[in-house]
Every structure is written in structure tokens, then in C-alpha cells.
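Pasting data13.cif here (mmCIF, C-alpha atoms and all ligand atoms):
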data_input
#
loop_
_atom_site.group_PDB
_atom_site.id
_atom_site.type_symbol
_atom_site.label_atom_id
_atom_site.label_comp_id
_atom_site.auth_asym_id
_atom_site.auth_seq_id
_atom_site.Cartn_x
_atom_site.Cartn_y
_atom_site.Cartn_z
ATOM 1 C CA MET G 1 24.998 -0.067 -13.547
ATOM 2 C CA THR G 2 26.564 2.208 -10.920
ATOM 3 C CA TRP G 3 24.534 5.126 -12.356
ATOM 4 C CA LEU G 4 21.465 3.617 -10.659
ATOM 5 C CA THR G 5 22.969 4.350 -7.262
ATOM 6 C CA ASN G 6 25.424 7.146 -7.962
ATOM 7 C CA SER G 7 23.515 9.592 -10.154
ATOM 8 C CA SER G 8 20.478 11.595 -9.155
ATOM 9 C CA ILE G 9 18.550 10.537 -12.277
ATOM 10 C CA GLY G 10 19.486 6.870 -11.643
ATOM 11 C CA ARG G 11 18.070 7.086 -8.129
ATOM 12 C CA LYS G 12 14.872 8.662 -9.479
ATOM 13 C CA VAL G 13 14.549 5.817 -12.002
ATOM 14 C CA VAL G 14 14.874 3.237 -9.196
ATOM 15 C CA MET G 15 12.254 5.137 -7.174
ATOM 16 C CA SER G 16 9.888 5.288 -10.167
ATOM 17 C CA VAL G 17 10.274 1.645 -11.218
ATOM 18 C CA THR G 18 9.874 0.227 -7.678
ATOM 19 C CA GLY G 19 6.955 2.638 -7.120
ATOM 20 C CA ALA G 20 5.272 1.480 -10.344
ATOM 21 C CA ALA G 21 5.664 -2.183 -9.278
ATOM 22 C CA LEU G 22 4.131 -1.345 -5.884
ATOM 23 C CA VAL G 23 1.188 0.366 -7.626
ATOM 24 C CA LEU G 24 0.661 -2.831 -9.665
ATOM 25 C CA PHE G 25 0.599 -4.778 -6.381
ATOM 26 C CA LEU G 26 -1.979 -2.319 -4.999
ATOM 27 C CA LEU G 27 -4.172 -2.731 -8.098
ATOM 28 C CA PHE G 28 -4.008 -6.509 -7.675
ATOM 29 C CA HIS G 29 -4.575 -6.384 -3.897
ATOM 30 C CA GLY G 30 -7.441 -3.886 -4.257
ATOM 31 C CA THR G 31 -9.150 -5.968 -6.957
ATOM 32 C CA MET G 32 -8.750 -9.073 -4.799
ATOM 33 C CA ASN G 33 -10.340 -7.251 -1.859
ATOM 34 C CA VAL G 34 -13.350 -6.097 -3.876
ATOM 35 C CA VAL G 35 -14.147 -9.827 -4.285
ATOM 36 C CA ALA G 36 -14.848 -9.777 -0.510
ATOM 37 C CA ILE G 37 -17.939 -7.673 -1.277
ATOM 38 C CA ILE G 38 -19.098 -9.867 -4.156
ATOM 39 C CA SER G 39 -18.520 -13.354 -2.725
ATOM 40 C CA GLU G 40 -17.316 -14.451 0.713
ATOM 41 C CA GLU G 41 -16.418 -17.954 -0.567
ATOM 42 C CA GLY G 42 -14.617 -16.473 -3.554
ATOM 43 C CA TYR G 43 -12.565 -14.241 -1.262
ATOM 44 C CA ASN G 44 -11.520 -17.120 0.980
ATOM 45 C CA MET G 45 -10.586 -19.183 -2.082
ATOM 46 C CA ILE G 46 -8.207 -16.396 -3.124
ATOM 47 C CA CYS G 47 -6.784 -16.269 0.439
ATOM 48 C CA GLU G 48 -6.259 -20.047 0.299
ATOM 49 C CA PHE G 49 -4.485 -19.678 -3.047
ATOM 50 C CA LEU G 50 -2.258 -16.900 -1.652
ATOM 51 C CA GLY G 51 -1.480 -18.727 1.617
ATOM 52 C CA ALA G 52 1.858 -20.298 2.543
ATOM 53 C CA ASN G 53 2.445 -21.834 -0.926
ATOM 54 C CA TRP G 54 5.909 -21.590 -2.445
ATOM 55 C CA TYR G 55 4.859 -19.129 -5.176
ATOM 56 C CA ALA G 56 3.000 -16.880 -2.704
ATOM 57 C CA ILE G 57 5.998 -16.885 -0.356
ATOM 58 C CA ILE G 58 8.346 -15.964 -3.218
ATOM 59 C CA ALA G 59 5.927 -13.152 -4.196
ATOM 60 C CA THR G 60 5.832 -11.920 -0.578
ATOM 61 C CA MET G 61 9.651 -11.852 -0.450
ATOM 62 C CA GLY G 62 9.808 -10.014 -3.796
ATOM 63 C CA LEU G 63 7.288 -7.487 -2.514
ATOM 64 C CA ALA G 64 9.257 -6.976 0.709
ATOM 65 C CA LEU G 65 12.440 -6.391 -1.315
ATOM 66 C CA LEU G 66 10.675 -3.822 -3.524
ATOM 67 C CA MET G 67 9.444 -1.969 -0.440
ATOM 68 C CA VAL G 68 12.884 -1.963 1.201
ATOM 69 C CA ILE G 69 14.519 -0.542 -1.957
ATOM 70 C CA HIS G 70 11.749 2.058 -2.382
ATOM 71 C CA ILE G 71 12.069 3.183 1.247
ATOM 72 C CA LEU G 72 15.907 3.236 1.319
ATOM 73 C CA TYR G 73 16.015 5.298 -1.871
ATOM 74 C CA ALA G 74 13.358 7.634 -0.455
ATOM 75 C CA PHE G 75 15.713 8.476 2.404
ATOM 76 C CA VAL G 76 18.695 8.880 0.063
ATOM 77 C CA LEU G 77 16.729 11.164 -2.297
ATOM 78 C CA SER G 78 15.365 13.257 0.566
ATOM 79 C CA LEU G 79 18.826 13.660 2.051
ATOM 80 C CA GLN G 80 20.195 14.590 -1.366
ATOM 81 C CA ASN G 81 17.440 17.209 -1.890
ATOM 82 C CA TYR G 82 18.009 18.589 1.584
ATOM 83 C CA ARG G 83 21.752 18.928 0.945
ATOM 84 C CA ALA G 84 21.229 20.410 -2.527
ATOM 85 C CA ARG G 85 19.091 23.203 -1.110
ATOM 86 C CA GLY G 86 22.013 24.094 1.172
ATOM 87 C CA ARG G 87 21.783 27.468 2.874
ATOM 88 C CA GLU G 88 19.074 28.518 0.385
ATOM 89 C CA ARG G 89 16.411 26.859 2.474
ATOM 90 C CA TYR G 90 16.717 29.545 5.091
ATOM 91 C CA ALA G 91 16.219 32.266 2.488
ATOM 92 C CA VAL G 92 12.748 31.031 1.534
ATOM 93 C CA SER G 93 10.309 32.629 3.920
ATOM 94 C CA GLY G 94 6.779 32.167 2.571
ATOM 95 C CA ARG G 95 5.153 29.028 1.220
ATOM 96 C CA GLN G 96 5.958 28.031 -2.345
ATOM 97 C CA SER G 97 2.534 27.912 -3.960
ATOM 98 C CA ASP G 98 3.731 26.013 -7.039
ATOM 99 C CA VAL G 99 4.947 23.065 -4.974
ATOM 100 C CA GLU G 100 2.026 20.965 -3.879
ATOM 101 C CA TRP G 101 1.554 19.965 -0.278
ATOM 102 C CA SER G 102 1.929 16.263 -1.054
ATOM 103 C CA SER G 103 5.135 16.721 -3.045
ATOM 104 C CA LYS G 104 6.809 18.393 -0.054
ATOM 105 C CA ASN G 105 5.579 15.689 2.241
ATOM 106 C CA MET G 106 6.216 12.470 0.326
ATOM 107 C CA LEU G 107 8.672 11.141 2.908
ATOM 108 C CA VAL G 108 6.372 11.941 5.837
ATOM 109 C CA LEU G 109 3.372 10.449 4.006
ATOM 110 C CA GLY G 110 5.468 7.375 3.195
ATOM 111 C CA LEU G 111 6.428 6.950 6.853
ATOM 112 C CA ILE G 112 2.765 7.260 7.923
ATOM 113 C CA ILE G 113 1.847 4.611 5.326
ATOM 114 C CA ILE G 114 4.549 2.207 6.598
ATOM 115 C CA GLY G 115 3.373 2.698 10.189
ATOM 116 C CA PHE G 116 -0.193 1.751 9.269
ATOM 117 C CA LEU G 117 1.133 -1.078 7.075
ATOM 118 C CA GLY G 118 2.771 -2.571 10.184
ATOM 119 C CA LEU G 119 -0.626 -2.541 11.895
ATOM 120 C CA HIS G 120 -2.268 -4.008 8.779
ATOM 121 C CA LEU G 121 0.236 -6.873 8.517
ATOM 122 C CA TYR G 122 -0.444 -7.642 12.185
ATOM 123 C CA ASN G 123 -4.231 -7.587 11.514
ATOM 124 C CA PHE G 124 -4.079 -9.979 8.536
ATOM 125 C CA TRP G 125 -0.765 -11.404 7.316
ATOM 126 C CA TYR G 126 0.477 -12.345 10.812
ATOM 127 C CA LYS G 127 -2.746 -14.296 11.484
ATOM 128 C CA MET G 128 -2.881 -15.870 8.018
ATOM 129 C CA GLN G 129 0.190 -16.605 5.879
ATOM 130 C CA TRP G 130 2.567 -16.471 8.864
ATOM 131 C CA VAL G 131 0.463 -18.942 10.893
ATOM 132 C CA GLU G 132 0.064 -21.273 7.909
ATOM 133 C CA LEU G 133 3.805 -21.212 7.320
ATOM 134 C CA GLN G 134 4.478 -22.204 10.915
ATOM 135 C CA VAL G 135 1.901 -25.000 10.721
ATOM 136 C CA ASN G 136 3.548 -26.269 7.503
ATOM 137 C CA LEU G 137 6.957 -26.219 9.206
ATOM 138 C CA GLY G 138 5.556 -28.144 12.182
ATOM 139 C CA LEU G 139 6.191 -25.241 14.566
ATOM 140 C CA LEU G 140 2.465 -24.912 15.384
ATOM 141 C CA PRO G 141 -0.148 -27.678 15.713
ATOM 142 C CA HIS G 142 -2.503 -28.287 12.787
ATOM 143 C CA GLU G 143 -5.500 -26.813 14.679
ATOM 144 C CA ALA G 144 -3.729 -23.444 15.000
ATOM 145 C CA GLY G 145 -4.111 -22.984 11.251
ATOM 146 C CA ILE G 146 -7.874 -23.540 11.129
ATOM 147 C CA ASP G 147 -8.630 -19.875 10.258
ATOM 148 C CA ALA G 148 -5.376 -19.152 8.397
ATOM 149 C CA ALA G 149 -7.186 -18.736 5.049
ATOM 150 C CA ASN G 150 -10.411 -17.321 6.497
ATOM 151 C CA GLY G 151 -9.785 -13.759 5.314
ATOM 152 C CA ILE G 152 -13.469 -12.854 5.422
ATOM 153 C CA LYS G 153 -13.637 -13.636 9.151
ATOM 154 C CA TYR G 154 -10.748 -11.256 9.870
ATOM 155 C CA ILE G 155 -12.316 -8.552 7.670
ATOM 156 C CA LYS G 156 -15.666 -8.853 9.465
ATOM 157 C CA ASP G 157 -14.039 -8.826 12.925
ATOM 158 C CA LEU G 158 -11.823 -5.835 12.154
ATOM 159 C CA PHE G 159 -14.250 -3.512 10.384
ATOM 160 C CA ALA G 160 -16.960 -4.078 12.995
ATOM 161 C CA GLN G 161 -14.760 -1.863 15.216
ATOM 162 C CA PRO G 162 -15.221 1.883 14.484
ATOM 163 C CA VAL G 163 -11.675 2.675 15.647
ATOM 164 C CA TYR G 164 -10.201 0.400 12.949
ATOM 165 C CA VAL G 165 -12.590 1.786 10.332
ATOM 166 C CA ALA G 166 -11.326 5.297 11.177
ATOM 167 C CA LEU G 167 -7.649 4.203 11.243
ATOM 168 C CA TYR G 168 -7.908 2.436 7.885
ATOM 169 C CA LEU G 169 -9.649 5.435 6.284
ATOM 170 C CA VAL G 170 -6.923 7.787 7.558
ATOM 171 C CA TRP G 171 -4.334 5.356 6.158
ATOM 172 C CA LEU G 172 -6.112 5.301 2.783
ATOM 173 C CA GLY G 173 -6.257 9.127 2.798
ATOM 174 C CA ALA G 174 -2.469 9.287 3.270
ATOM 175 C CA LEU G 175 -2.060 6.654 0.542
ATOM 176 C CA TRP G 176 -4.158 8.762 -1.863
ATOM 177 C CA PHE G 177 -1.957 11.835 -1.387
ATOM 178 C CA HIS G 178 1.209 9.723 -1.669
ATOM 179 C CA LEU G 179 -0.002 7.985 -4.839
ATOM 180 C CA THR G 180 -1.269 11.076 -6.672
ATOM 181 C CA HIS G 181 2.114 12.715 -6.330
ATOM 182 C CA GLY G 182 4.103 9.455 -6.675
ATOM 183 C CA VAL G 183 2.502 8.351 -9.952
ATOM 184 C CA TRP G 184 2.782 11.880 -11.356
ATOM 185 C CA SER G 185 6.418 12.119 -10.340
ATOM 186 C CA ALA G 186 7.308 8.649 -11.710
ATOM 187 C CA LEU G 187 5.769 9.326 -15.133
ATOM 188 C CA HIS G 188 7.442 12.741 -15.132
ATOM 189 C CA SER G 189 10.878 11.238 -14.305
ATOM 190 C CA LEU G 190 10.410 8.548 -16.927
ATOM 191 C CA GLY G 191 10.047 11.190 -19.633
ATOM 192 C CA LEU G 192 6.370 12.225 -19.933
ATOM 193 C CA ASN G 193 7.088 15.841 -19.100
ATOM 194 C CA ASN G 194 6.269 17.909 -22.159
ATOM 195 C CA ASN G 195 3.399 20.412 -22.430
ATOM 196 C CA THR G 196 1.015 17.926 -24.058
ATOM 197 C CA TRP G 197 1.625 15.184 -21.522
ATOM 198 C CA MET G 198 1.792 17.174 -18.272
ATOM 199 C CA PRO G 199 -2.008 17.649 -17.870
ATOM 200 C CA ARG G 200 -2.660 14.069 -19.021
ATOM 201 C CA VAL G 201 -0.144 12.717 -16.505
ATOM 202 C CA LYS G 202 -1.879 14.699 -13.748
ATOM 203 C CA MET G 203 -5.227 13.216 -14.826
ATOM 204 C CA ILE G 204 -3.856 9.639 -15.050
ATOM 205 C CA SER G 205 -2.303 9.827 -11.558
ATOM 206 C CA ASN G 206 -5.503 11.230 -10.029
ATOM 207 C CA ILE G 207 -7.716 8.571 -11.633
ATOM 208 C CA LEU G 208 -5.360 5.683 -10.761
ATOM 209 C CA SER G 209 -4.919 6.784 -7.130
ATOM 210 C CA THR G 210 -8.634 7.342 -6.650
ATOM 211 C CA LEU G 211 -9.414 3.922 -8.141
ATOM 212 C CA VAL G 212 -6.927 2.140 -5.848
ATOM 213 C CA VAL G 213 -8.115 3.946 -2.721
ATOM 214 C CA LEU G 214 -11.824 3.479 -3.549
ATOM 215 C CA MET G 215 -11.346 -0.277 -3.994
ATOM 216 C CA PHE G 216 -9.926 -0.603 -0.463
ATOM 217 C CA ALA G 217 -12.253 1.961 1.138
ATOM 218 C CA SER G 218 -15.348 0.252 -0.309
ATOM 219 C CA VAL G 219 -14.471 -2.947 1.606
ATOM 220 C CA VAL G 220 -13.915 -1.040 4.868
ATOM 221 C CA VAL G 221 -17.199 0.884 4.553
ATOM 222 C CA TYR G 222 -19.193 -2.121 3.288
ATOM 223 C CA TYR G 223 -18.169 -4.332 6.225
ATOM 224 C CA PHE G 224 -18.704 -1.521 8.731
ATOM 225 C CA GLY G 225 -22.241 -1.216 7.335
ATOM 226 C CA TYR G 226 -22.592 -4.997 7.480
ATOM 227 C CA ALA G 227 -21.671 -4.969 11.202
ATOM 228 C CA LEU G 228 -24.099 -2.100 11.892
ATOM 229 C CA GLY G 229 -26.829 -4.002 10.044
ATOM 230 C CA ALA G 230 -26.123 -7.134 12.078
ATOM 231 C CA THR G 231 -26.293 -5.115 15.321
ATOM 232 C CA TYR G 232 -29.630 -3.481 14.429
ATOM 233 C CA ALA G 233 -31.111 -6.800 13.323
ATOM 234 C CA LEU G 234 -30.591 -8.199 16.831
HETATM 235 C C1 LIG G 301 -9.628 -2.789 3.009
HETATM 236 C C2 LIG G 301 -8.347 -2.793 3.025
HETATM 237 C C3 LIG G 301 -7.496 -4.046 3.005
HETATM 238 C C4 LIG G 301 -7.842 -5.357 3.252
HETATM 239 C C5 LIG G 301 -9.207 -5.928 3.612
HETATM 240 C C6 LIG G 301 -6.639 -6.149 3.105
HETATM 241 C C7 LIG G 301 -6.554 -7.517 3.275
HETATM 242 C C8 LIG G 301 -5.389 -8.246 3.342
HETATM 243 C C9 LIG G 301 -5.291 -9.655 3.629
HETATM 244 C C10 LIG G 301 -6.473 -10.572 3.911
HETATM 245 C C11 LIG G 301 -3.981 -9.997 3.605
HETATM 246 C C12 LIG G 301 -3.353 -11.358 3.944
HETATM 247 C C13 LIG G 301 -3.210 -12.274 2.776
HETATM 248 C C14 LIG G 301 -2.561 -13.572 3.257
HETATM 249 O O1 LIG G 301 -1.661 -13.552 4.093
HETATM 250 O O2 LIG G 301 -2.945 -14.604 2.744
HETATM 251 C C15 LIG G 301 -3.227 -8.800 3.286
HETATM 252 C C16 LIG G 301 -1.862 -8.743 3.146
HETATM 253 C C17 LIG G 301 -1.170 -7.621 2.765
HETATM 254 N N1 LIG G 301 -1.681 -6.365 2.543
HETATM 255 FE FE1 LIG G 301 -3.621 -5.850 2.639
HETATM 256 N N2 LIG G 301 -5.599 -5.312 2.752
HETATM 257 C C18 LIG G 301 -6.085 -4.021 2.685
HETATM 258 C C19 LIG G 301 -5.377 -2.874 2.358
HETATM 259 C C20 LIG G 301 -4.027 -2.843 2.087
HETATM 260 C C21 LIG G 301 -3.283 -1.659 1.693
HETATM 261 C C22 LIG G 301 -3.918 -0.268 1.536
HETATM 262 C C23 LIG G 301 -1.982 -2.036 1.541
HETATM 263 C C24 LIG G 301 -0.779 -1.214 1.168
HETATM 264 C C25 LIG G 301 -0.658 0.089 1.308
HETATM 265 C C26 LIG G 301 -1.889 -3.455 1.850
HETATM 266 C C27 LIG G 301 -0.739 -4.196 1.827
HETATM 267 C C28 LIG G 301 -0.651 -5.534 2.171
HETATM 268 C C29 LIG G 301 0.589 -6.282 2.137
HETATM 269 C C30 LIG G 301 1.959 -5.729 1.776
HETATM 270 C C31 LIG G 301 0.263 -7.601 2.519
HETATM 271 C C32 LIG G 301 1.209 -8.804 2.615
HETATM 272 C C33 LIG G 301 1.176 -9.440 1.247
HETATM 273 C C34 LIG G 301 1.912 -10.719 1.182
HETATM 274 O O3 LIG G 301 1.896 -11.512 2.112
HETATM 275 O O4 LIG G 301 2.504 -10.963 0.097
HETATM 276 N N3 LIG G 301 -3.153 -3.915 2.164
HETATM 277 N N4 LIG G 301 -4.108 -7.740 3.130
#
Mind converting the file's structure to C-alpha cells?
Ligand code: HEM
Amino acid sequence: MTWLTNSSIGRKVVMSVTGAALVLFLLFHGTMNVVAIISEEGYNMICEFLGANWYAIIATMGLALLMVIHILYAFVLSLQNYRARGRERYAVSGRQSDVEWSSKNMLVLGLIIIGFLGLHLYNFWYKMQWVELQVNLGLLPHEAGIDAANGIKYIKDLFAQPVYVALYLVWLGALWFHLTHGVWSALHSLGLNNNTWMPRVKMISNILSTLVVLMFASVVVYYFGYALGATYAL
């Protein structure tokens, strides 16, 4: 199993497999969030289900582990690429047109995404699952957990503020660029790299990334509109 850490292809496989698992999480999380547009009660039921229950906590820990591995390997791969280019990098003067902007900036895009993720976890997870966990452990009084599964309340409060709407849309823009290249690169590394599959892989990664981002963005825009509507109705 040492090839997974010691060889360049092994590291790419780890990057691709953890990335694919994270995309599955995003598809699940995005679908769950679209429910917020369809039914407020339905959304809060899902939040209740995904609160501080043992299975949800195990899933959260699994997700955290996936992210840590994905990020650590990102640094290792970037360092390896940087070293491999050696002195050559100084010989390249102009821009390489065949290398897309996002492919050269995956690490930077990833870091931007993590930064916004920190803000996002503070906006939701810290006020929900984290609070419920502390209530369950007796570290906080029962009343403190009254809104711990009220996801819709936090969505309405947050996306009524234009600054958060803008921040979340910038975040989703960065995620789109990261995903289009990430999905393409993962499928490529996992073997779909012949002439027939290359254009298809490009198409699949664009459709998947756009779908994920649109699911999240629709909630942001819908609840911003909802807040505007509520303001004008007054
Ligand atoms: C409109 C956009 C989004 C909304 C409304 C939203 C909503 C939420 C809510 C309500 C929770 C807390 C669930 C709980 O603790 O019970 C949560 C957790 C989380 N969100 Fe989001 N989310 C959005 C976008 C995203 C995006 C784009 C990502 C990743 C790039 C993301 C990653 C996470 C993660 C990692 C957690 C913690 C999951 C866990 O506890 O297992 N979210 N989100």
C-alpha cells in the first residue's frame, strides 16, 4: 500500500478518490438544501435527522477525515509539481494557452474554498450540530438547543444580508472552477483519457459542477428574494 503515498500516480489516485467522495457529499448536501425551497418543514426535518445523532456524528468525522486527506495530498502534489519543474519554470516566459486557468490555480482555489467553508461552518454547523452535541453532553442547558435543528431560520437570517449573499456567490464561483477541473482531472487520472472519452469527460465535469453549484446558488438567491419580498410587503 506504500504506493499510495510514495508514487506520483498513487497520490493522484488518493486525490481523485477523496475528491469523488467529496463531490458525492456535495450532491447530497445540495439536494438537501433544495428542499429548503420546496418545504420549510421538510428542510427542518432533515436538519433534525442530521443533528447530533451518532450516525450523523460519525458521518461528520468521516467527512472531516476525507477533507484533511484531500488537502494534505493537495499540498504534497503541488510541492512535487513545483520541484519537478525545477529550473524550467524560469524558462517559460509567456502564458501556456493549453493549460487552463483553473488547472494552474487548483491549490489557490482550494484554499479560497476552505476559507469560506470556515465561515460557512460558523454560520450553520457551529449553531446547529455543535450546540446540540453540547446540550446532549450536558455542557449547555436544554434551552440553548431550541433552534439547533431550525436550519430554515438560519438560512433566512443569513441570506437576508446582501454581504453574505455576495460572499456565498463568490464562494460558489470558486467551487465551480475547482470542481470543473477537479472532476475532469480525477476521471482523467482514473483512466478515461483516450480520444473518445476526453470530450465526454469535459462535458460530464461541466454538467456535474454546474448542477452542484446551481443547487446551492438557487437557495441563496431564493432566500435573498424572499427577504426583499418581505421588506417590500411591509
Ligand atoms: C446555499 C448554500 C448552503 C446552505 C444553505 C448550507 C446549509 C448547511 C447547514 C444547514 C448545515 C448544518 C447541518 C447540521 O449541522 O445539522 C451545513 C453543514 C455543512 N455544510 Fe453546508 N450549506 C451550503 C453550502 C455548502 C457548500 C457549498 C459546502 C462545501 C463546499 C458546504 C459544506 C458543509 C459542511 C462540510 C457541513 C458540515 C457537515 C456535517 O456536519 O457533517 N455547504 N450546511
Wanna dump the segment 146-185 of chain G-segment 130-134 of chain G contacts at 9 Å for me, each residue with its shortest atom pair and the distance in Å to one decimal, counting all atoms listed in the file, ordered by chain and number, as JSON lines?
{"residue": "G:Ile146", "atom": "CA", "partner": "G:Glu132", "partner_atom": "CA", "distance": 8.9}
{"residue": "G:Ala148", "atom": "CA", "partner": "G:Glu132", "partner_atom": "CA", "distance": 5.9}
{"residue": "G:Ala149", "atom": "CA", "partner": "G:Glu132", "partner_atom": "CA", "distance": 8.2}
Could you list, as a compact mmCIF listing (two decimals) with C-alpha atoms, keeping the file's coordinate frame, all protein and nucleic acid residues with an atom at most 8 Å from ligand LIG 301 (chain G), counting all atoms listed in the file?
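Produced file out-v5.txt, reproduced below:
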# COMPACT_ATOMS: atom_id res chain seq x y z
CA LEU G 26 -1.98 -2.32 -5.00
CA HIS G 29 -4.58 -6.38 -3.90
CA GLY G 30 -7.44 -3.89 -4.26
CA ASN G 33 -10.34 -7.25 -1.86
CA ALA G 36 -14.85 -9.78 -0.51
CA CYS G 47 -6.78 -16.27 0.44
CA GLU G 48 -6.26 -20.05 0.30
CA PHE G 49 -4.49 -19.68 -3.05
CA LEU G 50 -2.26 -16.90 -1.65
CA GLY G 51 -1.48 -18.73 1.62
CA ALA G 52 1.86 -20.30 2.54
CA ALA G 56 3.00 -16.88 -2.70
CA ILE G 57 6.00 -16.89 -0.36
CA ALA G 59 5.93 -13.15 -4.20
CA THR G 60 5.83 -11.92 -0.58
CA MET G 61 9.65 -11.85 -0.45
CA LEU G 63 7.29 -7.49 -2.51
CA ALA G 64 9.26 -6.98 0.71
CA ILE G 113 1.85 4.61 5.33
CA ILE G 114 4.55 2.21 6.60
CA LEU G 117 1.13 -1.08 7.08
CA HIS G 120 -2.27 -4.01 8.78
CA LEU G 121 0.24 -6.87 8.52
CA PHE G 124 -4.08 -9.98 8.54
CA TRP G 125 -0.76 -11.40 7.32
CA TYR G 126 0.48 -12.34 10.81
CA LYS G 127 -2.75 -14.30 11.48
CA MET G 128 -2.88 -15.87 8.02
CA GLN G 129 0.19 -16.60 5.88
CA TRP G 130 2.57 -16.47 8.86
CA ALA G 148 -5.38 -19.15 8.40
CA ALA G 149 -7.19 -18.74 5.05
CA GLY G 151 -9.78 -13.76 5.31
CA ILE G 152 -13.47 -12.85 5.42
CA TYR G 154 -10.75 -11.26 9.87
CA ILE G 155 -12.32 -8.55 7.67
CA TYR G 168 -7.91 2.44 7.88
CA TRP G 171 -4.33 5.36 6.16
CA LEU G 172 -6.11 5.30 2.78
CA LEU G 175 -2.06 6.65 0.54
CA VAL G 213 -8.12 3.95 -2.72
CA MET G 215 -11.35 -0.28 -3.99
CA PHE G 216 -9.93 -0.60 -0.46
CA ALA G 217 -12.25 1.96 1.14
CA SER G 218 -15.35 0.25 -0.31
CA VAL G 219 -14.47 -2.95 1.61
CA VAL G 220 -13.92 -1.04 4.87
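The interatomic distance for the pair atom CA of Val165 of chain G and atom CA of Phe224 of chain G works out to 7.1 Å.
We find atom CA of Leu27 of chain G and atom CA of Ile204 of chain G to be spaced 14.2 Å apart.
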I want to know what sits within 12 Å of Val13 of chain G, based on only C-alpha atoms, with residues of the same chain fewer than 4 positions away left out; could you give that as a ChimeraX atom specification? /G:3-9,17-20,69-70,73-74,77,185-191
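Among the candidates G:Val221, G:Lys12, G:Ser39, G:Tyr122, the residue lying nearest to Gln80 of chain G is G:Lys12 (atoms considered: only C-alpha atoms).
Minimum atom-to-atom distance to Met106 of chain G, evaluated using only C-alpha atoms, belongs to G:His181 out of G:Lys153, G:His181, G:His142, G:Arg83.
Here atom CA of Tyr226 of chain G is placed at a distance of 14.6 Å from atom CA of Tyr164 of chain G.
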